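The block underneath contains the structure these notes are about, expressed in structure tokens.
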Amino acid sequence: AMWEQGLSMLTAMQQRAVEADAICCGAAISACERGRAWQPALALLWEMRRRGPSPNVIHFSAAASACEKGTQWARTLAMVHGMDIEGPSPNIITYGAAIKACERGAHWPLALSCLMDVQRRGLKLSIIAMNSAISACEKGQ
């Protein structure tokens with residue numbers, strides 16, 4: 001899989017004492033997201049937090065999307081909650097992943113809670129996130 005190749009390249013860089021920057025790490029997390037590989041995406045994110053470079057909202061959003069695509073709704077929501085406490089602040093992409101995860105899991109109260117958080121933060125909600133929230137309500141009946 002392509003995400004495995006991305007992680008292999010990142011590992012090879014580290015073995016050659018080439019410092020991986022935020023862009024390389026972000027590309028690897030995004031590759032994991034596209035491959036629905038939530039476990040390596042989270043491992044890489046936590047490794048960034050431990051050793052650097054410091055992850056930003058883009059890294060967290062890609063990891064949240066990897067969890068959502070891997071049907072890990074609880075992990076997606078836990079990530080958003082953790083970002084709320086420790087930073088960086090979640091953005092509309094992060095919330096979109098959380099709302100989509102709630103839809104997949106038919107957890108409509110949590111989807112609505114995410115919508116309220118988006119509104120409280122003054123973020124502009126995408127039509128995709130809104131449709132996911134509506135679908136979560138439909139599935140949760």
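All residue names refer to the structure tokens as shown: chains lettered A, B, ... in order, residues numbered from 1 in each chain, ligands numbered from 1 in order.
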- Pick out the residues sitting within 7 Å of Cys32 of chain A, and hand them over as a ChimeraX atom specification; count only C-alpha atoms, and ignore anything fewer than 5 positions along from it in its own chain. /A:3,37-38,40-41,66
Residues just named, written with all heavy atoms as a compact mmCIF listing (two decimals), in the first residue's frame:
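That gives us again-v1.txt:
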```txt
# COMPACT_ATOMS: atom_id res chain seq x y z
N TRP A 3 0.59 4.03 1.67
CA TRP A 3 0.90 4.58 2.98
C TRP A 3 2.09 3.86 3.60
O TRP A 3 2.90 4.48 4.29
CB TRP A 3 -0.33 4.56 3.91
CG TRP A 3 -0.82 3.19 4.28
CD1 TRP A 3 -1.77 2.46 3.65
CD2 TRP A 3 -0.37 2.41 5.39
NE1 TRP A 3 -1.96 1.27 4.29
CE2 TRP A 3 -1.11 1.21 5.37
CE3 TRP A 3 0.58 2.60 6.39
CZ2 TRP A 3 -0.93 0.20 6.30
CZ3 TRP A 3 0.75 1.60 7.34
CH2 TRP A 3 0.01 0.42 7.29
N ALA A 37 -5.42 3.83 7.31
CA ALA A 37 -4.49 3.24 8.26
C ALA A 37 -4.40 4.13 9.50
O ALA A 37 -3.45 4.89 9.67
CB ALA A 37 -3.12 3.04 7.62
N TRP A 38 -5.40 4.05 10.36
CA TRP A 38 -5.48 4.95 11.50
C TRP A 38 -4.41 4.67 12.55
O TRP A 38 -3.92 5.61 13.18
CB TRP A 38 -6.89 4.90 12.12
CG TRP A 38 -7.29 3.58 12.66
CD1 TRP A 38 -7.91 2.56 12.00
CD2 TRP A 38 -7.10 3.12 13.99
NE1 TRP A 38 -8.11 1.51 12.82
CE2 TRP A 38 -7.62 1.82 14.06
CE3 TRP A 38 -6.52 3.68 15.14
CZ2 TRP A 38 -7.59 1.06 15.23
CZ3 TRP A 38 -6.49 2.94 16.31
CH2 TRP A 38 -7.03 1.64 16.34
N PRO A 40 -1.11 3.56 12.28
CA PRO A 40 0.17 4.23 12.01
C PRO A 40 0.05 5.75 11.99
O PRO A 40 0.99 6.45 12.36
CB PRO A 40 0.62 3.68 10.66
CG PRO A 40 -0.44 2.80 10.16
CD PRO A 40 -1.48 2.63 11.22
N ALA A 41 -1.12 6.27 11.58
CA ALA A 41 -1.30 7.73 11.58
C ALA A 41 -1.21 8.26 13.01
O ALA A 41 -0.52 9.26 13.27
CB ALA A 41 -2.65 8.10 10.97
N ALA A 66 -8.05 9.94 9.36
CA ALA A 66 -7.64 8.53 9.26
C ALA A 66 -8.46 7.68 10.23
O ALA A 66 -8.91 6.58 9.87
CB ALA A 66 -6.15 8.39 9.56
```
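Contact shell of Met116 of chain A at 12 Å (only C-alpha atoms; same-chain neighbours under 6 positions omitted): Tyr95, Ile99, Pro109, Leu110, Gly122, Leu123, Lys124, Leu125, Met130 and Ala133 of chain A.
Residue nearest Glu4 of chain A within the list A:Ala136, A:Ile92, A:Ala101, A:Ile29: A:Ile29 [criterion: smallest interatomic distance, only C-alpha atoms].
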- Query: How far is it from atom CA of Glu138 of chain A to atom CA of Glu103 of chain A, in Å with one decimal?
  - Reply: 9.0 Å
- Note on the structure: Using only C-alpha atoms, the residue out of A:Asn91, A:Ser135, A:Ser54, A:Ser126 with shortest distance to Trp108 of chain A is A:Ser135
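Here atom CA of Thr76 of chain A and atom CA of Glu19 of chain A stand 28.4 Å from one another.
Of note, atom CA of Ser132 of chain A and atom CA of Leu45 of chain A are spaced 25.7 Å apart.
Shortest separation to Val118 of chain A among A:Gly35, A:Pro55, A:Pro88, A:Gly96 occurs at residue A:Gly96, atoms counted being only C-alpha atoms.
Of the residues under consideration (A:Ile93, A:Leu44, A:Ile128, A:Lys100), A:Lys100 shows the shortest atom-to-atom contact distance to Ala74 of chain A when counting only C-alpha atoms.
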- Nearby residues (only C-alpha atoms) at most 8 Å from Trp73 of chain A, same-chain spacing under 4 positions excluded, as an MDAnalysis selection string: chainID A and resid 67:68 77 98 101:102 104:105
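Here the question is which of A:Ala111, A:Met48, A:Ala97, A:Ile85 gets nearest to Ile134 of chain A using only C-alpha atoms, and that residue is A:Ala111.
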- Message: DSSP on the backbone: which residues in chain A end up as helix (DSSP H, G or I)? Give the answer as a PyMOL selection string.
- Response: chain A and resi 2-15+22-34+38-51+57-69+73-86+92-104+108-121+127-139
